[in-house]
$ cat coords.txt   # compact mmCIF, C-alpha atoms
# COMPACT_ATOMS: atom_id res chain seq x y z
CA MET A 1 164.16 119.35 -137.26
CA ASP A 2 165.64 116.24 -135.71
CA PRO A 3 163.08 113.69 -134.54
CA SER A 4 162.37 113.39 -130.82
CA PRO A 5 164.30 110.58 -129.09
CA GLY A 6 162.62 107.24 -129.63
CA VAL A 7 160.78 108.33 -132.77
CA VAL A 8 161.13 105.94 -135.70
CA ASN A 9 160.80 107.42 -139.17
CA LEU A 10 159.80 104.66 -141.59
CA GLU A 11 161.35 106.32 -144.64
CA THR A 12 164.64 106.92 -142.84
CA MET A 13 164.73 103.31 -141.70
CA LEU A 14 163.97 102.02 -145.19
CA GLY A 15 166.94 104.03 -146.43
CA ARG A 16 169.23 102.18 -144.04
CA PHE A 17 169.24 98.84 -145.84
CA SER A 18 168.76 97.42 -149.30
CA GLU A 19 168.82 93.61 -149.11
CA HIS A 20 165.67 91.61 -149.72
CA TRP A 21 163.84 89.20 -147.41
CA LYS A 22 165.85 90.25 -144.33
CA PRO A 23 163.41 91.77 -141.82
CA LYS A 24 164.73 94.54 -139.58
CA ARG A 25 163.22 95.16 -136.15
CA ILE A 26 162.30 98.82 -135.71
CA ALA A 27 160.14 98.64 -132.58
CA THR A 28 158.95 96.26 -129.92
CA VAL A 29 155.48 96.48 -128.38
CA ASP A 30 155.27 94.08 -125.45
CA ASP A 31 156.17 90.70 -126.95
CA PHE A 32 155.48 91.79 -130.53
CA ASP A 33 158.02 93.04 -133.03
CA VAL A 34 157.42 95.65 -135.67
CA LYS A 35 159.75 94.99 -138.60
CA LEU A 36 160.52 96.42 -142.00
CA VAL A 37 161.42 94.22 -144.92
CA LYS A 38 162.20 94.86 -148.56
CA VAL A 39 161.11 92.12 -150.90
CA GLN A 40 161.48 91.22 -154.54
CA GLY A 41 160.89 87.92 -156.28
CA GLU A 42 159.39 84.94 -154.53
CA PHE A 43 159.94 83.90 -150.90
CA THR A 44 159.35 80.33 -149.72
CA TRP A 45 156.17 78.49 -148.76
CA HIS A 46 155.84 78.27 -145.00
CA ALA A 47 153.44 78.66 -142.08
CA HIS A 48 153.75 79.96 -138.53
CA PRO A 49 151.92 77.32 -136.51
CA ASP A 50 151.35 79.45 -133.41
CA CYS A 51 151.31 83.07 -134.58
CA ASP A 52 149.36 85.37 -136.84
CA GLU A 53 151.42 87.64 -139.08
CA MET A 54 150.44 91.07 -140.42
CA PHE A 55 151.74 92.52 -143.66
CA LEU A 56 151.27 96.26 -144.35
CA VAL A 57 152.59 97.45 -147.71
CA LEU A 58 154.45 100.77 -147.43
CA ASP A 59 155.68 100.94 -151.00
CA GLY A 60 155.09 98.90 -154.13
CA GLU A 61 152.84 95.88 -154.43
CA LEU A 62 152.89 92.50 -152.73
CA THR A 63 151.12 89.26 -153.53
CA ILE A 64 150.67 86.83 -150.66
CA GLN A 65 150.08 83.47 -152.24
CA LEU A 66 147.84 81.20 -150.18
CA ARG A 67 147.17 77.61 -151.19
CA ASP A 68 143.67 78.46 -152.39
CA ARG A 69 144.04 82.04 -153.63
CA ASP A 70 146.33 85.01 -154.07
CA VAL A 71 145.98 88.08 -151.86
CA PHE A 72 147.04 91.23 -153.68
CA LEU A 73 148.20 94.19 -151.60
CA ARG A 74 148.96 97.72 -152.70
CA ARG A 75 150.58 100.57 -150.76
CA GLY A 76 148.48 101.33 -147.68
CA GLU A 77 146.85 97.92 -147.55
CA LEU A 78 147.30 95.25 -144.90
CA PHE A 79 146.46 91.59 -144.52
CA VAL A 80 146.78 89.19 -141.60
CA VAL A 81 147.89 85.64 -142.38
CA PRO A 82 146.27 83.53 -139.66
CA LYS A 83 148.39 81.13 -137.67
CA GLY A 84 148.94 77.82 -139.39
CA VAL A 85 148.05 79.06 -142.88
CA GLU A 86 150.64 78.30 -145.53
CA HIS A 87 151.71 81.36 -147.47
CA CYS A 88 154.38 82.51 -149.87
CA PRO A 89 154.92 86.22 -150.49
CA ARG A 90 155.89 87.37 -153.97
CA ALA A 91 156.65 90.74 -155.50
CA GLU A 92 157.40 91.42 -159.18
CA ALA A 93 159.14 94.70 -158.40
CA GLU A 94 160.73 95.73 -155.13
CA ALA A 95 158.25 96.43 -152.37
CA ALA A 96 158.64 97.66 -148.79
CA VAL A 97 156.53 96.01 -146.13
CA LEU A 98 155.90 96.56 -142.44
CA LEU A 99 155.51 93.28 -140.55
CA LEU A 100 153.88 92.75 -137.21
CA GLU A 101 154.30 89.45 -135.43
CA PRO A 102 155.39 88.00 -132.09
CA ALA A 103 159.07 88.45 -131.37
CA ILE A 104 159.60 84.69 -131.28
CA VAL A 105 158.65 84.21 -134.94
CA VAL A 106 161.20 82.82 -137.38
CA ASN A 107 160.79 84.32 -140.85
CA THR A 108 160.50 80.98 -142.62
CA GLY A 109 158.21 79.49 -139.95
CA ASP A 110 158.02 75.72 -140.19
CA SER A 111 160.14 75.56 -143.37
CA PRO A 112 163.78 76.47 -142.66
CA SER A 113 165.80 77.19 -145.79
CA GLY A 114 168.37 79.56 -147.23
CA PHE A 115 165.84 82.32 -146.57
CA THR A 116 165.93 81.72 -142.82
CA THR A 117 167.54 84.68 -141.11
CA GLU A 118 168.02 86.33 -137.76
CA VAL A 119 166.27 89.63 -137.23
CA GLU A 120 168.62 92.58 -136.98
CA THR A 121 167.53 95.63 -135.00
CA LEU A 122 167.77 99.02 -136.69
CA LEU A 123 168.42 101.81 -134.23
CA MET B 124 139.92 96.40 -158.92
CA ASP B 125 138.21 95.30 -155.71
CA PRO B 126 140.60 94.29 -152.94
CA SER B 127 141.08 90.61 -152.21
CA PRO B 128 138.93 89.31 -149.32
CA GLY B 129 140.48 90.14 -145.97
CA VAL B 130 142.53 93.03 -147.30
CA VAL B 131 142.23 96.23 -145.27
CA ASN B 132 142.83 99.50 -147.12
CA LEU B 133 143.82 102.17 -144.60
CA GLU B 134 142.51 105.08 -146.66
CA THR B 135 139.16 103.39 -147.24
CA MET B 136 138.85 102.66 -143.53
CA LEU B 137 139.71 106.25 -142.60
CA GLY B 138 136.92 107.38 -144.90
CA ARG B 139 134.42 105.35 -142.92
CA PHE B 140 134.35 107.51 -139.80
CA SER B 141 134.95 111.08 -138.74
CA GLU B 142 134.68 111.32 -134.96
CA HIS B 143 137.77 112.00 -132.86
CA TRP B 144 139.34 109.89 -130.12
CA LYS B 145 137.22 106.82 -130.92
CA PRO B 146 139.60 104.05 -132.03
CA LYS B 147 138.30 101.57 -134.60
CA ARG B 148 139.64 98.03 -134.76
CA ILE B 149 140.72 97.12 -138.29
CA ALA B 150 142.70 93.93 -137.64
CA THR B 151 143.63 91.50 -134.93
CA VAL B 152 147.01 89.78 -134.75
CA ASP B 153 146.95 87.14 -132.05
CA ASP B 154 145.97 89.06 -128.91
CA PHE B 155 146.90 92.45 -130.36
CA ASP B 156 144.56 94.91 -132.01
CA VAL B 157 145.44 97.21 -134.88
CA LYS B 158 143.24 100.29 -134.68
CA LEU B 159 142.71 103.54 -136.50
CA VAL B 160 141.86 106.74 -134.70
CA LYS B 161 141.31 110.31 -135.78
CA VAL B 162 142.39 112.88 -133.26
CA GLN B 163 142.19 116.62 -132.79
CA GLY B 164 142.70 118.70 -129.68
CA GLU B 165 143.97 117.23 -126.45
CA PHE B 166 143.17 113.77 -125.04
CA THR B 167 143.50 112.98 -121.35
CA TRP B 168 146.55 112.08 -119.24
CA HIS B 169 146.67 108.36 -118.59
CA ALA B 170 148.91 105.31 -118.50
CA HIS B 171 148.49 101.66 -119.41
CA PRO B 172 150.07 99.87 -116.45
CA ASP B 173 150.57 96.52 -118.21
CA CYS B 174 150.85 97.27 -121.92
CA ASP B 175 153.03 99.15 -124.36
CA GLU B 176 151.21 101.21 -126.98
CA MET B 177 152.43 102.09 -130.47
CA PHE B 178 151.37 105.21 -132.35
CA LEU B 179 152.06 105.45 -136.11
CA VAL B 180 150.99 108.70 -137.74
CA LEU B 181 149.28 108.15 -141.10
CA ASP B 182 148.25 111.73 -141.73
CA GLY B 183 148.91 115.04 -140.02
CA GLU B 184 151.02 115.57 -136.93
CA LEU B 185 150.72 114.28 -133.39
CA THR B 186 152.36 115.35 -130.17
CA ILE B 187 152.54 112.77 -127.41
CA GLN B 188 153.06 114.67 -124.22
CA LEU B 189 155.05 112.77 -121.61
CA ARG B 190 155.59 114.15 -118.12
CA ASP B 191 159.20 115.09 -118.91
CA ARG B 192 159.07 115.93 -122.62
CA ASP B 193 156.96 116.15 -125.76
CA VAL B 194 157.34 113.58 -128.53
CA PHE B 195 156.54 115.08 -131.93
CA LEU B 196 155.41 112.73 -134.69
CA ARG B 197 154.90 113.46 -138.35
CA ARG B 198 153.31 111.28 -141.05
CA GLY B 199 155.26 108.05 -141.36
CA GLU B 200 156.73 108.22 -137.86
CA LEU B 201 156.02 105.92 -134.95
CA PHE B 202 156.64 105.92 -131.22
CA VAL B 203 156.06 103.31 -128.54
CA VAL B 204 154.82 104.54 -125.16
CA PRO B 205 156.18 102.00 -122.67
CA LYS B 206 153.84 100.42 -120.19
CA GLY B 207 153.22 102.51 -117.10
CA VAL B 208 154.35 105.79 -118.70
CA GLU B 209 151.87 108.64 -118.38
CA HIS B 210 151.06 110.26 -121.69
CA CYS B 211 148.58 112.65 -123.23
CA PRO B 212 148.26 112.86 -127.03
CA ARG B 213 147.52 116.23 -128.61
CA ALA B 214 147.02 117.41 -132.17
CA GLU B 215 146.50 121.00 -133.27
CA ALA B 216 144.91 119.95 -136.54
CA GLU B 217 143.19 116.66 -137.29
CA ALA B 218 145.55 113.72 -137.54
CA ALA B 219 145.02 110.05 -138.39
CA VAL B 220 146.91 107.49 -136.33
CA LEU B 221 147.37 103.74 -136.44
CA LEU B 222 147.49 102.23 -132.96
CA LEU B 223 148.90 98.89 -131.97
CA GLU B 224 148.24 97.52 -128.51
CA PRO B 225 146.90 94.43 -126.76
CA ALA B 226 143.21 93.83 -127.33
CA ILE B 227 142.49 94.20 -123.62
CA VAL B 228 143.61 97.83 -123.50
CA VAL B 229 141.11 100.53 -122.53
CA ASN B 230 141.79 103.78 -124.37
CA THR B 231 142.01 105.91 -121.25
CA GLY B 232 144.09 103.33 -119.35
CA ASP B 233 144.10 103.97 -115.63
CA SER B 234 142.14 107.25 -115.92
CA PRO B 235 138.53 106.61 -116.95
CA SER B 236 136.72 109.74 -118.14
CA GLY B 237 134.35 111.02 -120.77
CA PHE B 238 136.97 109.93 -123.31
CA THR B 239 136.65 106.28 -122.29
CA THR B 240 135.10 104.32 -125.13
CA GLU B 241 134.50 100.84 -126.42
CA VAL B 242 136.40 99.86 -129.55
CA GLU B 243 134.17 99.39 -132.58
CA THR B 244 135.31 97.03 -135.33
CA LEU B 245 135.32 98.34 -138.90
CA LEU B 246 134.68 95.61 -141.43

$ encode --input "coords.txt" --output "structure tokens"
Amino acid sequence: MDPSPGVVNLETMLGRFSEHWKPKRIATVDDFDVKLVKVQGEFTWHAHPDCDEMFLVLDGELTIQLRDRDVFLRRGELFVVPKGVEHCPRAEAEAAVLLLEPAIVVNTGDSPSGFTTEVETLL
Amino acid sequence: MDPSPGVVNLETMLGRFSEHWKPKRIATVDDFDVKLVKVQGEFTWHAHPDCDEMFLVLDGELTIQLRDRDVFLRRGELFVVPKGVEHCPRAEAEAAVLLLEPAIVVNTGDSPSGFTTEVETLL
């Protein structure tokens, strides 16, 4: 059965891209974006000075390195990085993550680099 | 292994309550709440005049009745009800849903009733 119009199937969306560290917008809720991202390896240390950021692991395992500890997330687990807190995500094997953050957020926060990217919308 | 401090395991949280139509706050991202709710049967027709509302089905199946059509959601599917749009969720069998909406939202929107409830925080 085809999904109803407007319904977003997470698995279908994850099948639509393969690159790492390039978040894809799948929904907007007021001024917040819901994004999917595939990750592997280590990202870059950064902070979002004005915005919290939620990570929900859909597949695989993700470590969010903070300056004072590592936060380890398995499938079905979420963590909110508070605004202003430096973090650096890392995944040994590929993981799929749902992100929730304000639409204005830049992926590398206060630390632009080769990882900095625009957010593409998956429709 | 115990989860890292601050990590929210969705399955663990769903095991912490059983009542229907009583959303539980599991995380806050800026001024948005992430909530879990178990549902069965039919809710009440209502709208949120100023806020979008996202439904992500974690378990089971959910129908979101709109005035002009039904939106059918399976596990792993999400839908955003735009602000001001009347809707009435319904589930034949019990379903578990992750909700995302501004913290100020009242569950029954513009239509207070016996379903209206405060949001409890699960910690």

$ closest_residue --input "coords.txt" --among "B:Met136, B:Leu181, B:Leu189, B:Leu201" --to "chain A" --atoms "all atoms listed in the file"
B:Leu201

$ atom_distance --input "coords.txt" --atom1 "CA of Val130 in chain B" --atom2 "CA of Thr12 in chain A"
26.5 Å

$ calpha_fit_and_write --input "coords.txt" --fixed "chain B" --moving "chain A" --output "short mmCIF file (atom, residue, chain, number, x, y, z; two decimals) with C-alpha atoms, in the coordinates of the input"
data_model
loop_
_atom_site.label_atom_id
_atom_site.label_comp_id
_atom_site.auth_asym_id
_atom_site.auth_seq_id
_atom_site.Cartn_x
_atom_site.Cartn_y
_atom_site.Cartn_z
CA MET A 1 139.95 96.41 -158.93
CA ASP A 2 138.23 95.29 -155.75
CA PRO A 3 140.60 94.30 -152.95
CA SER A 4 141.09 90.61 -152.20
CA PRO A 5 138.94 89.30 -149.32
CA GLY A 6 140.48 90.14 -145.98
CA VAL A 7 142.54 93.04 -147.31
CA VAL A 8 142.23 96.24 -145.28
CA ASN A 9 142.82 99.50 -147.12
CA LEU A 10 143.81 102.17 -144.59
CA GLU A 11 142.51 105.08 -146.66
CA THR A 12 139.16 103.38 -147.24
CA MET A 13 138.84 102.67 -143.54
CA LEU A 14 139.72 106.24 -142.60
CA GLY A 15 136.92 107.38 -144.90
CA ARG A 16 134.42 105.33 -142.92
CA PHE A 17 134.34 107.50 -139.81
CA SER A 18 134.94 111.07 -138.75
CA GLU A 19 134.68 111.32 -134.96
CA HIS A 20 137.76 112.00 -132.87
CA TRP A 21 139.35 109.89 -130.12
CA LYS A 22 137.23 106.82 -130.93
CA PRO A 23 139.60 104.03 -132.03
CA LYS A 24 138.30 101.56 -134.60
CA ARG A 25 139.65 98.01 -134.75
CA ILE A 26 140.72 97.12 -138.28
CA ALA A 27 142.70 93.93 -137.64
CA THR A 28 143.62 91.50 -134.92
CA VAL A 29 147.01 89.78 -134.77
CA ASP A 30 146.95 87.14 -132.06
CA ASP A 31 145.97 89.05 -128.92
CA PHE A 32 146.90 92.45 -130.36
CA ASP A 33 144.56 94.91 -132.02
CA VAL A 34 145.43 97.20 -134.87
CA LYS A 35 143.23 100.30 -134.66
CA LEU A 36 142.72 103.54 -136.50
CA VAL A 37 141.87 106.74 -134.69
CA LYS A 38 141.32 110.31 -135.77
CA VAL A 39 142.40 112.89 -133.26
CA GLN A 40 142.18 116.63 -132.79
CA GLY A 41 142.70 118.70 -129.68
CA GLU A 42 143.96 117.23 -126.44
CA PHE A 43 143.17 113.77 -125.04
CA THR A 44 143.52 112.98 -121.33
CA TRP A 45 146.55 112.08 -119.22
CA HIS A 46 146.66 108.36 -118.57
CA ALA A 47 148.92 105.30 -118.50
CA HIS A 48 148.48 101.65 -119.41
CA PRO A 49 150.07 99.86 -116.47
CA ASP A 50 150.57 96.51 -118.21
CA CYS A 51 150.85 97.26 -121.93
CA ASP A 52 153.03 99.15 -124.36
CA GLU A 53 151.21 101.21 -126.97
CA MET A 54 152.42 102.10 -130.47
CA PHE A 55 151.37 105.21 -132.34
CA LEU A 56 152.06 105.45 -136.10
CA VAL A 57 150.98 108.71 -137.73
CA LEU A 58 149.27 108.15 -141.09
CA ASP A 59 148.25 111.73 -141.72
CA GLY A 60 148.91 115.04 -140.02
CA GLU A 61 151.02 115.57 -136.93
CA LEU A 62 150.71 114.27 -133.39
CA THR A 63 152.36 115.35 -130.17
CA ILE A 64 152.54 112.76 -127.41
CA GLN A 65 153.05 114.68 -124.22
CA LEU A 66 155.06 112.78 -121.62
CA ARG A 67 155.61 114.16 -118.13
CA ASP A 68 159.21 115.09 -118.92
CA ARG A 69 159.08 115.93 -122.63
CA ASP A 70 156.96 116.14 -125.75
CA VAL A 71 157.34 113.58 -128.53
CA PHE A 72 156.54 115.08 -131.92
CA LEU A 73 155.41 112.73 -134.69
CA ARG A 74 154.89 113.46 -138.35
CA ARG A 75 153.30 111.29 -141.05
CA GLY A 76 155.27 108.04 -141.35
CA GLU A 77 156.72 108.22 -137.86
CA LEU A 78 156.00 105.92 -134.94
CA PHE A 79 156.64 105.92 -131.22
CA VAL A 80 156.05 103.31 -128.54
CA VAL A 81 154.81 104.54 -125.16
CA PRO A 82 156.18 102.00 -122.68
CA LYS A 83 153.84 100.40 -120.19
CA GLY A 84 153.22 102.51 -117.13
CA VAL A 85 154.36 105.79 -118.70
CA GLU A 86 151.88 108.63 -118.38
CA HIS A 87 151.06 110.26 -121.69
CA CYS A 88 148.59 112.64 -123.24
CA PRO A 89 148.26 112.86 -127.02
CA ARG A 90 147.54 116.23 -128.60
CA ALA A 91 147.03 117.40 -132.16
CA GLU A 92 146.51 121.01 -133.28
CA ALA A 93 144.89 119.95 -136.54
CA GLU A 94 143.18 116.66 -137.29
CA ALA A 95 145.54 113.72 -137.54
CA ALA A 96 145.02 110.05 -138.39
CA VAL A 97 146.90 107.50 -136.34
CA LEU A 98 147.35 103.74 -136.44
CA LEU A 99 147.48 102.22 -132.95
CA LEU A 100 148.90 98.89 -131.97
CA GLU A 101 148.23 97.52 -128.52
CA PRO A 102 146.89 94.42 -126.77
CA ALA A 103 143.20 93.83 -127.33
CA ILE A 104 142.49 94.20 -123.62
CA VAL A 105 143.61 97.84 -123.50
CA VAL A 106 141.13 100.54 -122.53
CA ASN A 107 141.80 103.79 -124.38
CA THR A 108 142.02 105.92 -121.25
CA GLY A 109 144.09 103.33 -119.35
CA ASP A 110 144.10 103.98 -115.62
CA SER A 111 142.15 107.26 -115.93
CA PRO A 112 138.53 106.63 -116.96
CA SER A 113 136.72 109.75 -118.13
CA GLY A 114 134.35 111.03 -120.78
CA PHE A 115 136.97 109.94 -123.31
CA THR A 116 136.65 106.29 -122.30
CA THR A 117 135.10 104.33 -125.14
CA GLU A 118 134.52 100.85 -126.43
CA VAL A 119 136.39 99.86 -129.55
CA GLU A 120 134.18 99.39 -132.57
CA THR A 121 135.31 97.03 -135.32
CA LEU A 122 135.33 98.33 -138.89
CA LEU A 123 134.68 95.60 -141.42
#

$ closest_residue --input "coords.txt" --among "B:Pro128, B:Pro172, B:Gly199, B:Gly183" --to "Glu217 in chain B" --atoms "only C-alpha atoms"
B:Gly183

$ interface_residues --input "coords.txt" --of "chain B" --to "chain A" --cutoff "8 Å" --atoms "all atoms listed in the file" --output "list in words"
Pro126, Ser127, Pro128, Gly129, Val130, Val131, Asn132, Leu133, Glu134, Ala150, Thr151, Val152, Asp153, Cys174, Asp175, Glu176, Met177, Asp193, Val194, Phe195, Leu196, Gly199, Glu200, Leu201, Phe202, Val203, Pro205, Leu223 and Glu224 of chain B

$ atom_distance --input "coords.txt" --atom1 "CA of Lys161 in chain B" --atom2 "CA of Asp233 in chain B"
21.3 Å

$ build_atoms --input "coords.txt" --residues "range 86-97 of chain A" --atoms "all heavy atoms" --output "JSON list (two decimals), in the frame of the given file"
[["chain", "number", "residue", "atom", "x", "y", "z"],
["A", 86, "GLU", "N", 149.47, 78.25, -144.65],
["A", 86, "GLU", "CA", 150.64, 78.30, -145.53],
["A", 86, "GLU", "C", 150.55, 79.52, -146.45],
["A", 86, "GLU", "O", 149.49, 79.80, -147.02],
["A", 86, "GLU", "CB", 150.70, 77.04, -146.39],
["A", 86, "GLU", "CG", 151.22, 75.82, -145.68],
["A", 86, "GLU", "CD", 151.36, 74.68, -146.67],
["A", 86, "GLU", "OE1", 150.32, 74.20, -147.16],
["A", 86, "GLU", "OE2", 152.50, 74.28, -146.96],
["A", 87, "HIS", "N", 151.68, 80.18, -146.60],
["A", 87, "HIS", "CA", 151.71, 81.36, -147.47],
["A", 87, "HIS", "C", 153.09, 81.51, -148.09],
["A", 87, "HIS", "O", 154.09, 81.00, -147.57],
["A", 87, "HIS", "CB", 151.31, 82.63, -146.70],
["A", 87, "HIS", "CG", 152.15, 82.93, -145.50],
["A", 87, "HIS", "ND1", 152.07, 82.19, -144.32],
["A", 87, "HIS", "CD2", 153.09, 83.87, -145.27],
["A", 87, "HIS", "CE1", 152.90, 82.69, -143.43],
["A", 87, "HIS", "NE2", 153.55, 83.71, -143.98],
["A", 88, "CYS", "N", 153.12, 82.25, -149.18],
["A", 88, "CYS", "CA", 154.38, 82.51, -149.87],
["A", 88, "CYS", "C", 154.30, 83.88, -150.52],
["A", 88, "CYS", "O", 153.64, 84.05, -151.53],
["A", 88, "CYS", "CB", 154.63, 81.43, -150.92],
["A", 88, "CYS", "SG", 156.17, 81.69, -151.85],
["A", 89, "PRO", "N", 154.95, 84.87, -149.92],
["A", 89, "PRO", "CA", 154.92, 86.22, -150.49],
["A", 89, "PRO", "C", 155.70, 86.29, -151.81],
["A", 89, "PRO", "O", 156.68, 85.57, -151.99],
["A", 89, "PRO", "CB", 155.61, 87.08, -149.42],
["A", 89, "PRO", "CG", 155.58, 86.25, -148.17],
["A", 89, "PRO", "CD", 155.64, 84.83, -148.64],
["A", 90, "ARG", "N", 155.25, 87.20, -152.66],
["A", 90, "ARG", "CA", 155.89, 87.37, -153.97],
["A", 90, "ARG", "C", 155.72, 88.81, -154.41],
["A", 90, "ARG", "O", 154.66, 89.42, -154.20],
["A", 90, "ARG", "CB", 155.20, 86.45, -154.99],
["A", 90, "ARG", "CG", 155.86, 86.42, -156.37],
["A", 90, "ARG", "CD", 155.04, 85.58, -157.32],
["A", 90, "ARG", "NE", 153.77, 86.22, -157.61],
["A", 90, "ARG", "CZ", 152.65, 85.58, -157.93],
["A", 90, "ARG", "NH1", 152.62, 84.28, -158.00],
["A", 90, "ARG", "NH2", 151.55, 86.26, -158.19],
["A", 91, "ALA", "N", 156.75, 89.38, -154.99],
["A", 91, "ALA", "CA", 156.65, 90.74, -155.50],
["A", 91, "ALA", "C", 157.40, 90.81, -156.82],
["A", 91, "ALA", "O", 158.58, 90.44, -156.89],
["A", 91, "ALA", "CB", 157.24, 91.74, -154.51],
["A", 92, "GLU", "N", 156.74, 91.28, -157.87],
["A", 92, "GLU", "CA", 157.40, 91.42, -159.18],
["A", 92, "GLU", "C", 158.52, 92.45, -159.07],
["A", 92, "GLU", "O", 159.66, 92.18, -159.40],
["A", 92, "GLU", "CB", 156.40, 91.86, -160.25],
["A", 92, "GLU", "CG", 155.20, 90.94, -160.41],
["A", 92, "GLU", "CD", 155.60, 89.56, -160.92],
["A", 92, "GLU", "OE1", 156.52, 89.47, -161.75],
["A", 92, "GLU", "OE2", 155.00, 88.56, -160.46],
["A", 93, "ALA", "N", 158.17, 93.63, -158.60],
["A", 93, "ALA", "CA", 159.14, 94.70, -158.40],
["A", 93, "ALA", "C", 159.39, 94.85, -156.91],
["A", 93, "ALA", "O", 158.62, 94.33, -156.09],
["A", 93, "ALA", "CB", 158.61, 96.00, -159.00],
["A", 94, "GLU", "N", 160.42, 95.57, -156.56],
["A", 94, "GLU", "CA", 160.73, 95.73, -155.13],
["A", 94, "GLU", "C", 159.56, 96.38, -154.40],
["A", 94, "GLU", "O", 158.95, 97.33, -154.89],
["A", 94, "GLU", "CB", 161.98, 96.59, -154.93],
["A", 94, "GLU", "CG", 162.38, 96.66, -153.47],
["A", 94, "GLU", "CD", 163.64, 97.47, -153.24],
["A", 94, "GLU", "OE1", 163.55, 98.72, -153.25],
["A", 94, "GLU", "OE2", 164.71, 96.86, -153.06],
["A", 95, "ALA", "N", 159.28, 95.86, -153.23],
["A", 95, "ALA", "CA", 158.25, 96.43, -152.37],
["A", 95, "ALA", "C", 158.80, 96.54, -150.95],
["A", 95, "ALA", "O", 159.71, 95.80, -150.57],
["A", 95, "ALA", "CB", 157.00, 95.56, -152.38],
["A", 96, "ALA", "N", 158.25, 97.49, -150.20],
["A", 96, "ALA", "CA", 158.64, 97.66, -148.79],
["A", 96, "ALA", "C", 157.42, 97.35, -147.94],
["A", 96, "ALA", "O", 156.32, 97.83, -148.20],
["A", 96, "ALA", "CB", 159.11, 99.09, -148.54],
["A", 97, "VAL", "N", 157.63, 96.53, -146.92],
["A", 97, "VAL", "CA", 156.53, 96.01, -146.13],
["A", 97, "VAL", "C", 156.82, 96.16, -144.64],
["A", 97, "VAL", "O", 157.95, 95.95, -144.19],
["A", 97, "VAL", "CB", 156.31, 94.51, -146.45],
["A", 97, "VAL", "CG1", 155.15, 93.92, -145.65],
["A", 97, "VAL", "CG2", 156.08, 94.31, -147.95]]
